[in-house]
file work.csv (CSV, C-alpha atoms)
chain,number,residue,atom,x,y,z
A,1,MET,CA,-34.0,-19.9,1.4
A,2,ASP,CA,-32.0,-21.9,-1.2
A,3,ILE,CA,-28.5,-21.4,-2.5
A,4,VAL,CA,-27.9,-22.6,-6.1
A,5,LEU,CA,-24.5,-22.9,-7.7
A,6,VAL,CA,-24.8,-23.3,-11.5
A,7,TYR,CA,-21.9,-25.1,-13.1
A,8,PRO,CA,-19.4,-24.6,-10.2
A,9,GLU,CA,-15.8,-25.3,-11.2
A,10,ILE,CA,-13.5,-25.0,-8.2
A,11,PRO,CA,-14.0,-27.6,-5.5
A,12,HIS,CA,-12.4,-25.5,-2.8
A,13,ASN,CA,-15.1,-22.8,-3.3
A,14,THR,CA,-18.0,-25.3,-3.2
A,15,GLY,CA,-16.5,-26.8,0.0
A,16,CYS,CA,-16.4,-23.3,1.5
A,17,VAL,CA,-20.0,-22.6,0.4
A,18,ALA,CA,-21.0,-25.9,2.0
A,19,ARG,CA,-19.6,-24.6,5.3
A,20,THR,CA,-21.8,-21.5,5.0
A,21,ALA,CA,-24.8,-23.8,4.2
A,22,ALA,CA,-24.1,-25.9,7.2
A,23,ALA,CA,-23.7,-22.8,9.4
A,24,THR,CA,-27.0,-21.3,8.3
A,25,GLY,CA,-29.1,-24.4,7.6
A,26,VAL,CA,-29.8,-23.2,4.1
A,27,ARG,CA,-30.2,-25.9,1.4
A,28,LEU,CA,-27.4,-26.1,-1.2
A,29,HIS,CA,-28.1,-27.0,-4.8
A,30,LEU,CA,-25.5,-27.8,-7.4
A,31,VAL,CA,-26.4,-27.8,-11.1
A,32,GLU,CA,-24.4,-30.0,-13.4
A,33,PRO,CA,-22.0,-30.1,-15.1
A,34,LEU,CA,-19.6,-29.6,-12.2
A,35,GLY,CA,-15.9,-28.9,-12.7
A,36,TYR,CA,-15.0,-31.7,-10.2
A,37,SER,CA,-16.2,-35.0,-8.9
A,38,LEU,CA,-18.4,-35.1,-5.7
A,39,SER,CA,-15.7,-37.3,-4.2
A,40,ASP,CA,-12.9,-34.8,-5.0
A,41,ARG,CA,-10.6,-34.6,-2.0
A,42,TYR,CA,-10.3,-30.8,-2.1
A,43,LEU,CA,-14.1,-30.5,-2.1
A,44,LYS,CA,-14.1,-32.7,1.0
A,45,ARG,CA,-11.3,-30.9,2.7
A,46,ALA,CA,-12.7,-27.4,2.1
A,47,GLY,CA,-16.0,-28.5,3.7
A,48,LEU,CA,-14.1,-29.9,6.7
A,49,ASP,CA,-16.2,-32.3,8.7
A,50,TYR,CA,-19.4,-30.4,8.0
A,51,TRP,CA,-20.7,-32.4,5.0
A,52,PRO,CA,-23.2,-34.5,7.1
A,53,LEU,CA,-24.8,-31.2,8.2
A,54,VAL,CA,-25.2,-30.0,4.6
A,55,ASP,CA,-28.6,-30.3,2.9
A,56,LEU,CA,-27.1,-31.0,-0.5
A,57,VAL,CA,-29.1,-31.6,-3.7
A,58,VAL,CA,-27.5,-32.2,-7.2
A,59,HIS,CA,-29.5,-31.5,-10.3
A,60,ALA,CA,-28.6,-32.7,-13.8
A,61,ASP,CA,-29.5,-29.4,-15.4
A,62,TRP,CA,-31.2,-26.0,-14.7
A,63,GLU,CA,-34.6,-27.3,-15.8
A,64,ARG,CA,-34.5,-30.1,-13.2
A,65,ALA,CA,-33.3,-27.6,-10.6
A,66,THR,CA,-36.2,-25.3,-11.4
A,67,ALA,CA,-38.7,-28.1,-11.1
A,68,ALA,CA,-37.3,-29.1,-7.7
A,69,LEU,CA,-37.2,-25.5,-6.5
A,70,ALA,CA,-40.9,-25.0,-7.5
A,71,LEU,CA,-41.9,-27.5,-4.9
A,72,ARG,CA,-40.3,-25.5,-2.1
A,73,SER,CA,-42.8,-22.6,-2.1
A,74,GLU,CA,-46.2,-21.7,-3.4
A,75,ARG,CA,-44.7,-18.6,-5.2
A,76,PRO,CA,-43.5,-19.2,-8.7
A,77,VAL,CA,-39.7,-19.8,-9.0
A,78,ALA,CA,-39.3,-16.7,-11.3
A,79,GLU,CA,-40.6,-14.4,-8.5
A,80,ARG,CA,-38.1,-15.9,-6.0
A,81,LEU,CA,-34.9,-15.7,-8.0
A,82,SER,CA,-31.9,-13.5,-7.2
A,83,LEU,CA,-29.4,-13.9,-10.0
A,84,PHE,CA,-26.0,-12.7,-8.8
A,85,SER,CA,-23.9,-11.1,-11.5
A,86,SER,CA,-20.9,-8.8,-11.6
A,87,LYS,CA,-22.2,-7.4,-14.8
A,88,GLY,CA,-24.9,-5.1,-13.5
A,89,GLY,CA,-28.1,-5.3,-11.6
A,90,ARG,CA,-29.5,-3.8,-8.4
A,91,SER,CA,-27.3,-3.6,-5.3
A,92,LEU,CA,-27.5,-6.4,-2.8
A,93,PHE,CA,-28.3,-3.7,-0.2
A,94,GLU,CA,-31.2,-2.3,-2.2
A,95,VAL,CA,-33.2,-5.3,-3.1
A,96,PRO,CA,-35.8,-7.1,-1.0
A,97,PHE,CA,-35.4,-10.7,0.0
A,98,ALA,CA,-38.2,-13.2,1.1
A,99,GLU,CA,-38.0,-16.4,3.1
A,100,ASP,CA,-38.4,-18.4,-0.1
A,101,GLN,CA,-35.7,-16.5,-2.0
A,102,ILE,CA,-33.5,-18.5,-4.3
A,103,LEU,CA,-29.9,-17.2,-4.4
A,104,VAL,CA,-28.3,-18.2,-7.7
A,105,PHE,CA,-24.6,-18.0,-8.5
A,106,GLY,CA,-22.7,-18.8,-11.7
A,107,ARG,CA,-19.4,-20.3,-12.6
A,108,GLU,CA,-16.2,-18.7,-11.1
A,109,ALA,CA,-14.7,-17.8,-14.5
A,110,ASP,CA,-17.7,-16.3,-16.3
A,111,GLY,CA,-20.7,-16.1,-14.1
A,112,LEU,CA,-24.3,-17.2,-14.9
A,113,PRO,CA,-25.3,-18.0,-18.5
A,114,GLU,CA,-26.4,-15.0,-20.4
A,115,GLU,CA,-29.6,-16.6,-21.5
A,116,LEU,CA,-30.6,-17.2,-17.8
A,117,LEU,CA,-29.8,-13.6,-16.9
A,118,ASP,CA,-31.7,-12.3,-20.0
A,119,ALA,CA,-34.7,-14.4,-19.1
A,120,HIS,CA,-35.1,-12.6,-15.8
A,121,PRO,CA,-33.8,-9.1,-16.2
A,122,GLY,CA,-35.4,-7.8,-13.0
A,123,ALA,CA,-33.8,-10.6,-10.9
A,124,ARG,CA,-30.2,-9.5,-11.3
A,125,VAL,CA,-28.3,-8.6,-8.1
A,126,ARG,CA,-24.9,-7.1,-7.9
A,127,ILE,CA,-22.5,-6.9,-4.9
A,128,PRO,CA,-21.1,-3.4,-5.0
A,129,ILE,CA,-17.4,-3.3,-5.9
A,130,LEU,CA,-14.9,-0.7,-7.1
A,131,PRO,CA,-14.6,-0.4,-10.9
A,132,ALA,CA,-11.2,-2.0,-11.2
A,133,VAL,CA,-12.3,-5.2,-9.5
A,134,ARG,CA,-14.0,-7.8,-11.7
A,135,SER,CA,-15.6,-9.8,-8.9
A,136,LEU,CA,-15.3,-11.1,-5.4
A,137,ASN,CA,-14.3,-14.7,-4.6
A,138,LEU,CA,-17.4,-17.0,-5.2
A,139,ALA,CA,-17.5,-18.5,-1.7
A,140,ALA,CA,-17.1,-15.1,-0.1
A,141,SER,CA,-19.9,-13.7,-2.3
A,142,VAL,CA,-22.2,-16.6,-1.3
A,143,CYS,CA,-21.5,-16.1,2.4
A,144,LEU,CA,-22.2,-12.3,2.2
A,145,ALA,CA,-25.3,-12.7,0.0
A,146,THR,CA,-26.8,-15.6,2.1
A,147,TYR,CA,-26.4,-13.8,5.4
A,148,THR,CA,-27.6,-10.5,4.0
A,149,ALA,CA,-30.7,-12.1,2.4
A,150,LEU,CA,-31.5,-14.1,5.5
A,151,GLU,CA,-31.2,-11.0,7.7
A,152,ARG,CA,-33.3,-8.9,5.4
A,153,SER,CA,-36.0,-11.5,5.0
A,154,GLY,CA,-36.6,-11.2,8.7
A,155,HIS,CA,-34.9,-14.6,9.5
A,156,ARG,CA,-34.4,-15.2,13.2
A,157,PHE,CA,-30.9,-16.6,13.4
A,158,PRO,CA,-30.7,-19.6,15.7
A,159,ASN,CA,-28.3,-20.1,18.6
A,160,PRO,CA,-28.5,-16.6,20.0
A,161,GLU,CA,-26.1,-17.6,22.8
A,162,GLY,CA,-23.3,-18.7,20.4
A,163,ILE,CA,-23.2,-22.2,22.0
A,164,HIS,CA,-21.1,-24.8,20.3
A,165,ALA,CA,-22.4,-28.4,20.4
A,166,ARG,CA,-20.7,-31.0,18.2
A,167,ASP,CA,-22.9,-33.2,16.2
A,168,PRO,CA,-21.9,-36.9,16.3
A,169,ARG,CA,-22.5,-37.3,12.6
A,170,MET,CA,-19.4,-35.1,12.1
A,171,ASP,CA,-17.3,-38.0,13.3
A,172,LEU,CA,-18.3,-40.3,10.4
A,173,GLY,CA,-15.8,-38.9,7.9
A,174,LEU,CA,-18.5,-38.2,5.3
A,175,GLY,CA,-18.0,-36.2,2.1
A,176,ALA,CA,-20.2,-34.6,-0.5
A,177,ALA,CA,-20.6,-37.8,-2.4
A,178,ASP,CA,-21.9,-39.5,0.7
A,179,VAL,CA,-24.6,-36.9,1.6
A,180,ALA,CA,-25.8,-35.6,-1.8
A,181,ARG,CA,-29.1,-36.7,-3.1
A,182,ARG,CA,-30.3,-36.2,-6.7
A,183,GLU,CA,-33.5,-34.4,-7.6
B,1,MET,CA,-12.8,1.4,8.1
B,2,ASP,CA,-9.9,-1.0,8.7
B,3,ILE,CA,-9.5,-4.8,8.4
B,4,VAL,CA,-6.9,-6.4,10.7
B,5,LEU,CA,-5.8,-10.0,10.5
B,6,VAL,CA,-3.9,-11.0,13.6
B,7,TYR,CA,-1.4,-13.8,13.0
B,8,PRO,CA,-3.1,-15.2,9.8
B,9,GLU,CA,-1.8,-18.6,8.9
B,10,ILE,CA,-3.3,-19.7,5.5
B,11,PRO,CA,-2.1,-17.7,2.5
B,12,HIS,CA,-5.1,-18.5,0.4
B,13,ASN,CA,-7.4,-16.9,3.0
B,14,THR,CA,-5.3,-13.7,3.2
B,15,GLY,CA,-5.3,-13.5,-0.6
B,16,CYS,CA,-9.0,-13.8,-0.7
B,17,VAL,CA,-9.3,-11.1,2.0
B,18,ALA,CA,-7.1,-8.9,-0.1
B,19,ARG,CA,-9.6,-9.2,-2.9
B,20,THR,CA,-12.3,-8.0,-0.6
B,21,ALA,CA,-10.1,-5.1,0.5
B,22,ALA,CA,-9.4,-4.2,-3.2
B,23,ALA,CA,-13.1,-4.4,-4.0
B,24,THR,CA,-14.2,-2.1,-1.1
B,25,GLY,CA,-11.1,0.2,-0.8
B,26,VAL,CA,-10.7,-0.8,2.9
B,27,ARG,CA,-7.2,-0.8,4.3
B,28,LEU,CA,-5.9,-4.3,5.2
B,29,HIS,CA,-3.5,-4.7,8.1
B,30,LEU,CA,-1.5,-7.9,8.8
B,31,VAL,CA,-0.1,-8.5,12.3
B,32,GLU,CA,3.0,-10.7,12.5
B,33,PRO,CA,3.9,-13.4,13.0
B,34,LEU,CA,2.3,-14.6,9.7
B,35,GLY,CA,2.1,-18.3,8.8
B,36,TYR,CA,3.5,-17.6,5.3
B,37,SER,CA,6.0,-15.3,3.5
B,38,LEU,CA,4.6,-12.2,1.8
B,39,SER,CA,6.1,-13.6,-1.4
B,40,ASP,CA,4.3,-16.9,-1.0
B,41,ARG,CA,2.9,-18.0,-4.4
B,42,TYR,CA,-0.5,-19.1,-3.0
B,43,LEU,CA,-0.9,-15.7,-1.4
B,44,LYS,CA,-0.2,-14.1,-4.7
B,45,ARG,CA,-2.4,-16.4,-6.6
B,46,ALA,CA,-5.4,-16.1,-4.3
B,47,GLY,CA,-5.2,-12.3,-4.6
B,48,LEU,CA,-5.2,-12.6,-8.4
B,49,ASP,CA,-3.9,-9.4,-10.1
B,50,TYR,CA,-5.5,-7.2,-7.4
B,51,TRP,CA,-2.5,-6.7,-5.2
B,52,PRO,CA,-1.6,-3.2,-6.5
B,53,LEU,CA,-5.1,-2.1,-5.6
B,54,VAL,CA,-4.7,-3.3,-2.0
B,55,ASP,CA,-3.8,-0.7,0.7
B,56,LEU,CA,-1.7,-3.2,2.7
B,57,VAL,CA,0.2,-2.5,5.9
B,58,VAL,CA,2.2,-5.1,7.9
B,59,HIS,CA,2.8,-4.6,11.6
B,60,ALA,CA,5.5,-6.4,13.7
B,61,ASP,CA,3.0,-6.9,16.6
B,62,TRP,CA,-0.4,-5.9,18.0
B,63,GLU,CA,1.1,-2.9,19.8
B,64,ARG,CA,2.5,-1.4,16.7
B,65,ALA,CA,-0.7,-2.1,14.8
B,66,THR,CA,-2.6,-0.2,17.6
B,67,ALA,CA,-0.3,2.7,17.4
B,68,ALA,CA,-0.8,3.0,13.6
B,69,LEU,CA,-4.5,2.6,13.9
B,70,ALA,CA,-4.7,5.3,16.5
B,71,LEU,CA,-3.6,7.8,13.8
B,72,ARG,CA,-6.5,6.9,11.6
B,73,SER,CA,-9.2,8.6,13.7
B,74,GLU,CA,-9.7,11.0,16.6
B,75,ARG,CA,-11.6,8.4,18.5
B,76,PRO,CA,-9.5,6.0,20.7
B,77,VAL,CA,-8.7,2.6,19.2
B,78,ALA,CA,-10.5,0.8,22.1
B,79,GLU,CA,-13.9,2.5,21.1
B,80,ARG,CA,-13.5,1.5,17.5
B,81,LEU,CA,-12.7,-2.2,17.8
B,82,SER,CA,-14.9,-5.1,16.6
B,83,LEU,CA,-13.2,-8.3,17.8
B,84,PHE,CA,-14.6,-11.2,15.8
B,85,SER,CA,-14.9,-14.4,17.7
B,86,SER,CA,-16.8,-17.7,17.3
B,87,LYS,CA,-16.8,-18.0,21.1
B,88,GLY,CA,-19.6,-15.5,22.0
B,89,GLY,CA,-20.3,-11.8,21.7
B,90,ARG,CA,-23.1,-9.8,20.2
B,91,SER,CA,-24.5,-10.7,16.8
B,92,LEU,CA,-23.0,-9.0,13.7
B,93,PHE,CA,-26.5,-7.9,13.0
B,94,GLU,CA,-27.1,-6.3,16.4
B,95,VAL,CA,-24.1,-4.1,16.8
B,96,PRO,CA,-23.5,-0.6,15.5
B,97,PHE,CA,-20.6,0.2,13.2
B,98,ALA,CA,-18.9,3.6,12.6
B,99,GLU,CA,-16.9,4.9,9.7
B,100,ASP,CA,-13.7,4.5,11.7
B,101,GLN,CA,-14.5,0.9,12.9
B,102,ILE,CA,-11.6,-1.5,13.1
B,103,LEU,CA,-12.6,-5.1,12.2
B,104,VAL,CA,-10.2,-7.6,13.8
B,105,PHE,CA,-10.0,-11.3,13.0
B,106,GLY,CA,-7.8,-14.0,14.6
B,107,ARG,CA,-6.0,-17.0,13.3
B,108,GLU,CA,-7.8,-19.6,11.4
B,109,ALA,CA,-7.2,-22.4,13.9
B,110,ASP,CA,-7.9,-20.7,17.2
B,111,GLY,CA,-9.2,-17.1,16.7
B,112,LEU,CA,-8.0,-14.0,18.5
B,113,PRO,CA,-5.7,-14.3,21.5
B,114,GLU,CA,-7.7,-14.6,24.8
B,115,GLU,CA,-5.9,-11.7,26.4
B,116,LEU,CA,-7.0,-9.4,23.6
B,117,LEU,CA,-10.6,-10.6,23.8
B,118,ASP,CA,-10.5,-10.3,27.6
B,119,ALA,CA,-9.1,-6.7,27.4
B,120,HIS,CA,-12.2,-5.5,25.4
B,121,PRO,CA,-15.2,-7.6,26.5
B,122,GLY,CA,-17.7,-5.2,25.0
B,123,ALA,CA,-16.1,-5.4,21.6
B,124,ARG,CA,-16.7,-9.0,20.8
B,125,VAL,CA,-18.8,-9.7,17.7
B,126,ARG,CA,-20.1,-13.0,16.6
B,127,ILE,CA,-21.4,-14.1,13.2
B,128,PRO,CA,-24.5,-16.2,14.0
B,129,ILE,CA,-24.1,-19.9,13.2
B,130,LEU,CA,-25.8,-23.2,14.1
B,131,PRO,CA,-24.4,-24.8,17.2
B,132,ALA,CA,-22.7,-27.8,15.5
B,133,VAL,CA,-20.6,-25.5,13.3
B,134,ARG,CA,-17.4,-24.1,14.9
B,135,SER,CA,-16.9,-21.2,12.6
B,136,LEU,CA,-17.1,-20.0,9.0
B,137,ASN,CA,-14.1,-19.8,6.7
B,138,LEU,CA,-12.0,-16.8,7.6
B,139,ALA,CA,-12.1,-15.1,4.2
B,140,ALA,CA,-15.9,-15.5,3.9
B,141,SER,CA,-16.3,-14.1,7.4
B,142,VAL,CA,-14.2,-11.1,6.6
B,143,CYS,CA,-16.2,-10.4,3.4
B,144,LEU,CA,-19.5,-10.7,5.2
B,145,ALA,CA,-18.3,-8.6,8.2
B,146,THR,CA,-16.7,-5.9,6.0
B,147,TYR,CA,-19.7,-5.3,3.8
B,148,THR,CA,-22.2,-5.5,6.7
B,149,ALA,CA,-20.1,-3.0,8.7
B,150,LEU,CA,-19.7,-0.6,5.7
B,151,GLU,CA,-23.4,-0.8,4.9
B,152,ARG,CA,-24.4,-0.2,8.5
B,153,SER,CA,-22.0,2.7,9.0
B,154,GLY,CA,-23.8,4.6,6.3
B,155,HIS,CA,-21.1,4.0,3.7
B,156,ARG,CA,-22.0,5.0,0.2
B,157,PHE,CA,-20.7,2.2,-2.0
B,158,PRO,CA,-18.9,3.6,-5.0
B,159,ASN,CA,-19.7,2.5,-8.6
B,160,PRO,CA,-23.5,2.5,-8.5
B,161,GLU,CA,-23.7,1.5,-12.1
B,162,GLY,CA,-21.5,-1.6,-11.7
B,163,ILE,CA,-19.0,-0.4,-14.4
B,164,HIS,CA,-15.8,-2.3,-14.8
B,165,ALA,CA,-12.7,-0.4,-15.7
B,166,ARG,CA,-9.4,-2.2,-15.6
B,167,ASP,CA,-6.6,-0.4,-13.7
B,168,PRO,CA,-3.3,-0.5,-15.6
B,169,ARG,CA,-1.3,-1.2,-12.4
B,170,MET,CA,-2.9,-4.7,-12.5
B,171,ASP,CA,-0.7,-5.6,-15.5
B,172,LEU,CA,2.5,-5.2,-13.5
B,173,GLY,CA,2.4,-8.7,-12.0
B,174,LEU,CA,2.8,-7.4,-8.4
B,175,GLY,CA,2.3,-9.5,-5.3
B,176,ALA,CA,1.9,-8.7,-1.6
B,177,ALA,CA,5.6,-8.3,-1.0
B,178,ASP,CA,5.7,-5.6,-3.7
B,179,VAL,CA,2.9,-3.5,-2.3
B,180,ALA,CA,3.1,-4.0,1.5
B,181,ARG,CA,4.5,-1.2,3.6
B,182,ARG,CA,5.5,-1.5,7.2
B,183,GLU,CA,4.2,0.7,10.0

call {"tool": "encode", "arguments": {"input": "work.csv", "output": "structure tokens"}}
result
Amino acid sequence: MDIVLVYPEIPHNTGCVARTAAATGVRLHLVEPLGYSLSDRYLKRAGLDYWPLVDLVVHADWERATAALALRSERPVAERLSLFSSKGGRSLFEVPFAEDQILVFGREADGLPEELLDAHPGARVRIPILPAVRSLNLAASVCLATYTALERSGHRFPNPEGIHARDPRMDLGLGAADVARRE
Amino acid sequence: MDIVLVYPEIPHNTGCVARTAAATGVRLHLVEPLGYSLSDRYLKRAGLDYWPLVDLVVHADWERATAALALRSERPVAERLSLFSSKGGRSLFEVPFAEDQILVFGREADGLPEELLDAHPGARVRIPILPAVRSLNLAASVCLATYTALERSGHRFPNPEGIHARDPRMDLGLGAADVARRE
């Protein structure tokens, strides 16, 4: 499973998504341009001391992200995409998810680019909300979608006893800029 | 379904939970003491313009919250509780949820009071996370738990077409202090 944030703008949200990625072991991809620097202090703060646990990859654009994601499974990228949108699509609770699913989320203000959504009309997924609400918070949406997709893909969640064991890498004071790699 | 935040401390998180409550139509209860004023500007900002859509109740303490929650169903409160904890309990994906479930979340720093957890040992619910991670962000946890509980209780999510229709009350500039009632 992969989480992809396309053009994220608010560092606090990305930091909170990083915490979800650390908690689940799911790889987090950021597609540039970003609305912040990877050394932003709010980004670091929202991710707490979890950054060294985050499998973080930054891509210069969607094409490069697609090329990197293609190497993660034998199935074509187009068959693995779930494009989250508040503007229609099938309900999160009605679509199937596979182990190699790619969960893609757009910018806080206006969501995924129309051309990306239009290129994959069957891949649109919507979190059900009441009509007066435009959308959920991005980080909350990602957490909900990631756990739902993992659970529905048959994922066996680790740590069935709920044990806590601190990882010594968390004492190094690392942030996103220290752990990100480019692909 | 009811969401209860016991002694919440960070206004941004409560504002984000309010957005989830507005999106789902689930009542939100806050149990004092709170770590912020209901007129806090970060609380208002994080809830965006959704505050008039939030069914918000503030309780002076857990006993008064329990008394108010008792009136919401014929089943006793103790049978309806899901006490979320990062310190053990059954997995979110392994427990049943009913329509009258009460989803209870503790303070960001240290979770629910030990005496509350100890009083209802069978009610503990845990979101599965890798051992090195202490917990998820509170607002993300509430969003995940609320949607999972609704879906598993057989809830029919409204707005199957994903239509957006702005509510005129959202133009009034209201915040939590304007819409909260005390019980």

call {"tool": "interface_residues", "arguments": {"input": "work.csv", "of": "chain A", "to": "chain B", "cutoff": "8 Å", "atoms": "all atoms listed in the file", "output": "ChimeraX atom specification"}}
result
/A:16,19-20,22-25,50,86-89,91,93,126,128-137,139-141,143-144,147-148,151,157-167

call {"tool": "closest_residue", "arguments": {"input": "work.csv", "among": "A:His12, A:Lys44, A:Arg27, A:Arg107", "to": "Ala177 in chain A", "atoms": "only C-alpha atoms"}}
result
A:Lys44

call {"tool": "closest_residue", "arguments": {"input": "work.csv", "among": "A:Tyr42, A:Tyr36, A:Trp62, A:Phe84", "to": "Gly106 in chain A", "atoms": "only C-alpha atoms"}}
result
A:Phe84

call {"tool": "residues_around", "arguments": {"input": "work.csv", "residues": "Ser37 in chain B", "least_positions_apart": "6", "cutoff": "12 Å", "atoms": "all atoms listed in the file", "output": "number ranges by chain"}}
result
B: 8-12, 14, 30, 43-44, 58, 175-177, 180

call {"tool": "write_last_selection", "arguments": {"input": "work.csv", "atoms": "C-alpha atoms", "output": "mmCIF file, in the frame of the given file"}}
result
data_model
loop_
_atom_site.group_PDB
_atom_site.id
_atom_site.type_symbol
_atom_site.label_atom_id
_atom_site.label_comp_id
_atom_site.auth_asym_id
_atom_site.auth_seq_id
_atom_site.Cartn_x
_atom_site.Cartn_y
_atom_site.Cartn_z
ATOM 1 C CA PRO B 8 -3.100 -15.200 9.800
ATOM 2 C CA GLU B 9 -1.800 -18.600 8.900
ATOM 3 C CA ILE B 10 -3.300 -19.700 5.500
ATOM 4 C CA PRO B 11 -2.100 -17.700 2.500
ATOM 5 C CA HIS B 12 -5.100 -18.500 0.400
ATOM 6 C CA THR B 14 -5.300 -13.700 3.200
ATOM 7 C CA LEU B 30 -1.500 -7.900 8.800
ATOM 8 C CA LEU B 43 -0.900 -15.700 -1.400
ATOM 9 C CA LYS B 44 -0.200 -14.100 -4.700
ATOM 10 C CA VAL B 58 2.200 -5.100 7.900
ATOM 11 C CA GLY B 175 2.300 -9.500 -5.300
ATOM 12 C CA ALA B 176 1.900 -8.700 -1.600
ATOM 13 C CA ALA B 177 5.600 -8.300 -1.000
ATOM 14 C CA ALA B 180 3.100 -4.000 1.500
#

call {"tool": "residues_around", "arguments": {"input": "work.csv", "residues": "Arg181 in chain A", "least_positions_apart": "5", "cutoff": "9 Å", "atoms": "all atoms listed in the file", "output": "PyMOL selection string"}}
result
chain A and resi 55-59

call {"tool": "atom_distance", "arguments": {"input": "work.csv", "atom1": "CA of Arg80 in chain B", "atom2": "CA of Ile102 in chain B"}}
result
5.7 Å

call {"tool": "residues_around", "arguments": {"input": "work.csv", "residues": "range 65-77 of chain A", "least_positions_apart": "3", "cutoff": "12 Å", "atoms": "only C-alpha atoms", "output": "ChimeraX atom specification"}}
result
/A:1-7,27-32,57-62,80-83,98-104,116,120,123,182-183

call {"tool": "write_last_selection", "arguments": {"input": "work.csv", "atoms": "C-alpha atoms", "output": "JSON list (two decimals), in the frame of the given file"}}
result
[["chain", "number", "residue", "atom", "x", "y", "z"],
["A", 1, "MET", "CA", -34.00, -19.90, 1.40],
["A", 2, "ASP", "CA", -32.00, -21.90, -1.20],
["A", 3, "ILE", "CA", -28.50, -21.40, -2.50],
["A", 4, "VAL", "CA", -27.90, -22.60, -6.10],
["A", 5, "LEU", "CA", -24.50, -22.90, -7.70],
["A", 6, "VAL", "CA", -24.80, -23.30, -11.50],
["A", 7, "TYR", "CA", -21.90, -25.10, -13.10],
["A", 27, "ARG", "CA", -30.20, -25.90, 1.40],
["A", 28, "LEU", "CA", -27.40, -26.10, -1.20],
["A", 29, "HIS", "CA", -28.10, -27.00, -4.80],
["A", 30, "LEU", "CA", -25.50, -27.80, -7.40],
["A", 31, "VAL", "CA", -26.40, -27.80, -11.10],
["A", 32, "GLU", "CA", -24.40, -30.00, -13.40],
["A", 57, "VAL", "CA", -29.10, -31.60, -3.70],
["A", 58, "VAL", "CA", -27.50, -32.20, -7.20],
["A", 59, "HIS", "CA", -29.50, -31.50, -10.30],
["A", 60, "ALA", "CA", -28.60, -32.70, -13.80],
["A", 61, "ASP", "CA", -29.50, -29.40, -15.40],
["A", 62, "TRP", "CA", -31.20, -26.00, -14.70],
["A", 80, "ARG", "CA", -38.10, -15.90, -6.00],
["A", 81, "LEU", "CA", -34.90, -15.70, -8.00],
["A", 82, "SER", "CA", -31.90, -13.50, -7.20],
["A", 83, "LEU", "CA", -29.40, -13.90, -10.00],
["A", 98, "ALA", "CA", -38.20, -13.20, 1.10],
["A", 99, "GLU", "CA", -38.00, -16.40, 3.10],
["A", 100, "ASP", "CA", -38.40, -18.40, -0.10],
["A", 101, "GLN", "CA", -35.70, -16.50, -2.00],
["A", 102, "ILE", "CA", -33.50, -18.50, -4.30],
["A", 103, "LEU", "CA", -29.90, -17.20, -4.40],
["A", 104, "VAL", "CA", -28.30, -18.20, -7.70],
["A", 116, "LEU", "CA", -30.60, -17.20, -17.80],
["A", 120, "HIS", "CA", -35.10, -12.60, -15.80],
["A", 123, "ALA", "CA", -33.80, -10.60, -10.90],
["A", 182, "ARG", "CA", -30.30, -36.20, -6.70],
["A", 183, "GLU", "CA", -33.50, -34.40, -7.60]]

call {"tool": "atom_distance", "arguments": {"input": "work.csv", "atom1": "CA of Pro33 in chain B", "atom2": "CA of Phe97 in chain B"}}
result
28.0 Å

call {"tool": "closest_residue", "arguments": {"input": "work.csv", "among": "A:Pro52, A:Gly35, A:Pro113, A:Pro121", "to": "Gly173 in chain A", "atoms": "all atoms listed in the file"}}
result
A:Pro52

call {"tool": "atom_distance", "arguments": {"input": "work.csv", "atom1": "CA of Asp110 in chain B", "atom2": "CA of Val26 in chain A"}}
result
25.6 Å

call {"tool": "build_atoms", "arguments": {"input": "work.csv", "residues": "range 115-121 of chain B", "atoms": "N, CA, C and O atoms", "output": "PDB file, in the coordinates of the input"}}
result
ATOM      1  N   GLU B 115      -6.198 -12.946  25.613  1.00  0.00           N
ATOM      2  CA  GLU B 115      -5.900 -11.700  26.400  1.00  0.00           C
ATOM      3  C   GLU B 115      -6.416 -10.479  25.647  1.00  0.00           C
ATOM      4  O   GLU B 115      -6.856  -9.517  26.274  1.00  0.00           O
ATOM      5  N   LEU B 116      -6.425 -10.523  24.324  1.00  0.00           N
ATOM      6  CA  LEU B 116      -7.000  -9.400  23.600  1.00  0.00           C
ATOM      7  C   LEU B 116      -8.503  -9.347  23.737  1.00  0.00           C
ATOM      8  O   LEU B 116      -9.085  -8.279  23.986  1.00  0.00           O
ATOM      9  N   LEU B 117      -9.149 -10.505  23.638  1.00  0.00           N
ATOM     10  CA  LEU B 117     -10.600 -10.600  23.800  1.00  0.00           C
ATOM     11  C   LEU B 117     -10.977 -10.112  25.247  1.00  0.00           C
ATOM     12  O   LEU B 117     -11.934  -9.343  25.435  1.00  0.00           O
ATOM     13  N   ASP B 118     -10.217 -10.581  26.220  1.00  0.00           N
ATOM     14  CA  ASP B 118     -10.500 -10.300  27.600  1.00  0.00           C
ATOM     15  C   ASP B 118     -10.323  -8.766  27.914  1.00  0.00           C
ATOM     16  O   ASP B 118     -10.989  -8.202  28.792  1.00  0.00           O
ATOM     17  N   ALA B 119      -9.422  -8.136  27.186  1.00  0.00           N
ATOM     18  CA  ALA B 119      -9.100  -6.700  27.400  1.00  0.00           C
ATOM     19  C   ALA B 119     -10.264  -5.812  26.929  1.00  0.00           C
ATOM     20  O   ALA B 119     -10.358  -4.660  27.346  1.00  0.00           O
ATOM     21  N   HIS B 120     -11.096  -6.346  26.020  1.00  0.00           N
ATOM     22  CA  HIS B 120     -12.200  -5.500  25.400  1.00  0.00           C
ATOM     23  C   HIS B 120     -13.465  -6.349  25.366  1.00  0.00           C
ATOM     24  O   HIS B 120     -13.954  -6.678  24.289  1.00  0.00           O
ATOM     25  N   PRO B 121     -14.023  -6.698  26.537  1.00  0.00           N
ATOM     26  CA  PRO B 121     -15.200  -7.600  26.500  1.00  0.00           C
ATOM     27  C   PRO B 121     -16.378  -7.105  25.761  1.00  0.00           C
ATOM     28  O   PRO B 121     -17.124  -7.882  25.179  1.00  0.00           O
TER      29      PRO B 121
END
